[in-house]
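A.B. asks: Got model.cif for you, mmCIF, C-alpha atoms:
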```cif
data_structure
loop_
_atom_site.label_atom_id
_atom_site.label_comp_id
_atom_site.auth_asym_id
_atom_site.auth_seq_id
_atom_site.Cartn_x
_atom_site.Cartn_y
_atom_site.Cartn_z
CA MET A 26 -7.84 -11.04 7.53
CA GLY A 27 -8.07 -12.01 11.16
CA GLY A 28 -4.91 -11.48 13.17
CA MET A 29 -3.22 -9.43 10.45
CA GLN A 30 -0.80 -6.88 11.86
CA MET A 31 1.21 -4.10 10.33
CA PRO A 32 4.99 -4.64 10.37
CA GLU A 33 6.87 -2.96 13.19
CA GLY A 34 7.53 0.70 12.46
CA MET A 35 4.56 0.96 10.11
CA GLU A 36 1.14 2.32 10.87
CA MET A 37 -2.04 1.60 8.99
CA PRO A 38 -2.49 4.72 6.88
CA LYS A 39 -5.61 6.71 7.65
CA ILE A 40 -7.99 6.68 4.72
CA LEU A 41 -9.06 10.26 4.15
CA THR A 42 -12.41 11.39 2.82
CA PRO A 43 -12.26 13.26 -0.49
CA GLU A 44 -12.82 16.50 1.45
CA GLU A 45 -10.00 15.76 3.93
CA LYS A 46 -7.64 14.73 1.14
CA THR A 47 -8.46 17.89 -0.83
CA ALA A 48 -7.93 20.13 2.20
CA GLU A 49 -4.60 18.44 2.98
CA MET A 50 -3.39 18.73 -0.61
CA ALA A 51 -4.65 22.34 -0.92
CA GLN A 52 -2.47 23.35 2.00
CA LYS A 53 0.52 21.24 0.99
CA TYR A 54 0.58 22.40 -2.64
CA ASP A 55 -0.75 25.94 -2.13
CA LEU A 56 -3.78 25.49 -4.39
CA THR A 57 -6.08 28.23 -5.62
CA GLU A 58 -9.84 28.07 -4.98
CA GLU A 59 -10.37 26.96 -8.56
CA GLN A 60 -7.79 24.17 -8.20
CA GLN A 61 -9.38 23.07 -4.92
CA THR A 62 -12.81 22.77 -6.55
CA ALA A 63 -11.41 20.72 -9.43
CA LEU A 64 -9.33 18.58 -7.06
CA LEU A 65 -12.33 17.84 -4.84
CA ALA A 66 -14.25 16.55 -7.87
CA LEU A 67 -11.24 14.41 -8.85
CA ASN A 68 -10.83 13.05 -5.31
CA GLN A 69 -14.55 12.21 -5.20
CA LYS A 70 -14.28 10.43 -8.56
CA TYR A 71 -11.39 8.25 -7.33
CA ASP A 72 -12.58 7.76 -3.74
CA GLY A 73 -11.89 4.17 -2.72
CA LYS A 74 -10.05 3.41 -5.97
CA LEU A 75 -6.49 4.40 -4.97
CA GLU A 76 -5.88 2.27 -1.90
CA LEU A 77 -6.31 -1.30 -0.83
CA ARG A 78 -8.94 -1.49 1.85
CA MET A 79 -8.62 -4.63 3.88
CA ASN A 80 -11.72 -6.46 5.04
CA GLN A 81 -10.92 -7.33 8.60
CA GLU A 82 -12.49 -10.60 9.66
CA GLU A 83 -13.28 -11.02 13.31
CA GLY A 84 -11.60 -13.68 15.38
CA GLU A 85 -8.33 -15.53 15.40
CA ARG A 86 -6.79 -17.40 12.52
CA PRO A 87 -7.66 -21.07 12.71
CA ASP A 88 -4.97 -23.54 13.70
CA ILE A 89 -4.47 -25.47 10.48
CA ARG A 90 -2.66 -28.23 12.38
CA LYS A 91 -5.98 -29.14 14.01
CA MET A 92 -7.91 -29.23 10.72
CA SER A 93 -8.86 -32.31 8.79
CA ASP A 94 -7.36 -32.68 5.32
CA GLU A 95 -10.63 -31.47 3.79
CA GLU A 96 -10.82 -28.41 6.08
CA ARG A 97 -7.19 -27.57 5.43
CA GLN A 98 -7.71 -27.83 1.65
CA ALA A 99 -10.82 -25.62 1.82
CA TYR A 100 -8.94 -23.06 3.93
CA PHE A 101 -5.99 -23.12 1.52
CA ASN A 102 -8.32 -22.65 -1.46
CA LYS A 103 -9.99 -19.71 0.27
CA MET A 104 -6.60 -18.08 0.95
CA MET A 105 -5.52 -18.58 -2.67
CA ASP A 106 -8.76 -16.96 -3.88
CA GLN A 107 -8.17 -14.01 -1.55
CA MET A 108 -4.60 -13.63 -2.82
CA GLY A 109 -5.83 -13.59 -6.40
CA ASP A 110 -8.44 -10.99 -5.49
CA MET A 111 -5.77 -8.85 -3.80
CA GLN A 112 -3.48 -9.09 -6.85
CA GLN A 113 -6.35 -7.95 -9.09
CA LYS A 114 -7.20 -5.11 -6.70
CA GLN A 115 -3.55 -4.03 -6.66
CA ALA A 116 -3.45 -4.00 -10.47
CA ASP A 117 -6.64 -1.91 -10.50
CA ILE A 118 -5.15 0.51 -7.96
CA GLU A 119 -2.02 0.98 -10.09
CA LYS A 120 -4.16 1.64 -13.19
CA ASN A 121 -6.34 4.11 -11.26
CA GLN A 122 -3.28 5.86 -9.78
CA LYS A 123 -1.92 6.49 -13.29
CA ALA A 124 -5.28 7.81 -14.47
CA TYR A 125 -5.57 10.00 -11.34
CA GLU A 126 -2.13 11.50 -11.98
CA GLU A 127 -2.99 12.17 -15.63
CA GLU A 128 -6.09 14.09 -14.57
CA LEU A 129 -4.16 15.81 -11.78
CA LYS A 130 -1.83 17.28 -14.44
CA ASP A 131 -4.80 19.31 -15.70
CA ILE A 132 -5.31 20.79 -12.21
CA PHE A 133 -1.78 21.28 -10.86
CA ASP A 134 0.85 23.50 -12.42
CA LYS A 135 4.27 22.04 -13.23
CA LYS A 136 5.82 23.06 -9.90
CA GLN A 137 2.93 21.56 -7.89
CA MET A 138 3.08 18.37 -9.93
CA ARG A 139 6.84 18.00 -9.34
CA LYS A 140 6.33 18.41 -5.59
CA TYR A 141 3.44 15.91 -5.64
CA ARG A 142 5.57 13.29 -7.44
CA THR A 143 8.51 13.94 -5.08
CA ASP A 144 6.18 13.41 -2.13
CA LEU A 145 4.89 10.15 -3.65
CA ARG A 146 8.44 8.84 -4.16
CA ARG A 147 9.40 9.81 -0.60
CA ALA A 148 6.32 8.09 0.87
CA GLU A 149 7.06 4.94 -1.16
CA ALA A 150 10.70 4.93 -0.02
CA GLU A 151 9.59 5.29 3.60
CA ARG A 152 7.08 2.45 3.19
CA GLN A 153 9.76 0.22 1.63
CA ALA A 154 12.24 1.06 4.41
CA ALA A 155 9.67 0.20 7.07
CA MET A 156 8.94 -3.11 5.30
CA GLN A 157 12.68 -3.89 5.18
CA ARG A 158 13.04 -3.11 8.89
CA SER A 159 10.07 -5.29 9.74
CA MET A 160 11.47 -8.22 7.76
CA GLY A 161 15.04 -7.72 8.94
CA GLY A 162 15.06 -10.34 11.63
CA GLY A 163 18.34 -8.95 12.93
CA PHE A 164 20.47 -10.19 10.03
CA PRO A 165 22.86 -7.86 8.19
CA GLY A 166 21.10 -6.49 5.15
CA GLY A 167 17.73 -7.62 6.47
CA GLY A 168 15.52 -10.45 5.39
CA PHE A 169 17.36 -13.76 5.42
CA PRO A 170 20.70 -14.94 6.73
CA GLY A 171 23.30 -13.76 4.28
CA GLY A 172 21.16 -10.89 3.05
CA GLY A 173 24.00 -8.49 3.83
CA PHE A 174 26.69 -10.52 2.10
CA PRO A 175 28.02 -9.47 -1.31
CA GLY A 176 25.68 -10.90 -3.90
CA GLY A 177 22.93 -11.21 -1.30
CA GLY A 178 21.09 -14.39 -0.50
CA PHE A 179 22.65 -17.23 1.40
CA PRO A 180 26.36 -18.02 1.63
CA GLY A 181 27.03 -20.69 -0.93
CA GLY A 182 24.91 -19.04 -3.60
CA PHE A 183 21.42 -20.39 -3.06
#
```
Could I get this structure in the form of structure tokens?

C.D. replies:
Amino acid sequence: MGGMQMPEGMEMPKILTPEEKTAEMAQKYDLTEEQQTALLALNQKYDGKLELRMNQEEGERPDIRKMSDEERQAYFNKMMDQMGDMQQKQADIEKNQKAYEEELKDIFDKKQMRKYRTDLRRAEAERQAAMQRSMGGGFPGGGFPGGGFPGGGFPGGF
């Protein structure tokens, strides 16, 4: 979407080709030639199915305050459609990630698979931490005023 920026402390991840991804994983997990060949085929099979690729529209976001009611409603409807599409894409990615990992079990040995899963958890934790930092707004605990108070949320319980 136009004007979309990554939160502070986060970079847009580089989307690797199947060959680049295979080479990176081969080095990281000390794969044999046979494993590399099988992994390349797997990475080609799932290319573009494991990450959300944003369609970047050119230009600035429109100022909805200057829109007529009809324009604003049309813009809102378009955004809702895009959100629904993104939710469906995210569900598809999660399904594909599970299938990819199941097939990866046939290529990696147990030790390689453990390291792969550890790396996935670490990357997710880093992504979550960067999101928290970007949404912190300077309040204790991040997010909203009161986010760092016992029980979270706002003082007063709402």

A.B. asks: Quick one: distance from CA of Glu45 in chain A to CA of Thr57 in chain A in Å, one decimal?

C.D. replies: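 Calculated distance between CA of Glu45 in chain A and CA of Thr57 in chain A is 16.2 Å.
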
A.B. asks: Suppose you want the space between CA of Gln137 in chain A and CA of Glu76 in chain A; what is it in Å?

C.D. replies: 22.0 Å

A.B. asks: Just checking: using all atoms listed in the file, which residue out of A:Glu126, A:Asp134, A:Glu119, A:Asp72 ends up closest to Leu41 in chain A?

C.D. replies: A:Asp72

A.B. asks: Which is closest to Ala66 in chain A among A:Met108, A:Ile40, A:Ile132, A:Ile118, if we use only C-alpha atoms?

C.D. replies: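 When distances to Ala66 in chain A are compared using only C-alpha atoms, the smallest one comes from A:Ile132.
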
A.B. asks: Would you kindly identify which residues have an atom no farther than 12 Å from (-12.2, 12.2, -8.2), using only C-alpha atoms and the file's own coordinates, and write them out as a list in words?

C.D. replies: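 The answer, in the requested form, is Thr42, Pro43, Glu44, Lys46, Thr47, Gln61, Thr62, Ala63, Leu64, Leu65, Ala66, Leu67, Asn68, Gln69, Lys70, Tyr71, Asp72, Gly73, Lys74, Leu75, Asn121, Gln122, Ala124, Tyr125, Glu126, Glu127, Glu128, Leu129 and Ile132 of chain A.
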
A.B. asks: Rank A:Gln107, A:Ile89, A:Lys130, A:Asn102 by their smallest atom-to-atom distance to Gln60 in chain A, using all atoms listed in the file, and report the top residue only.

C.D. replies: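 For Gln60 in chain A, the nearest of the given residues is A:Lys130.
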
A.B. asks: Between A:Gln112, A:Ala155, A:Met50, A:Arg86, which has the minimum distance to Met138 in chain A (counting all atoms listed in the file)?

C.D. replies: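 Residue with the minimum atom-to-atom distance to Met138 in chain A: A:Met50.
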
A.B. asks: In Å, rounded to a single decimal, give me how far CA of Asp144 in chain A is from CA of Gln52 in chain A.

C.D. replies: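 Distance between the two atoms: 13.8 Å.
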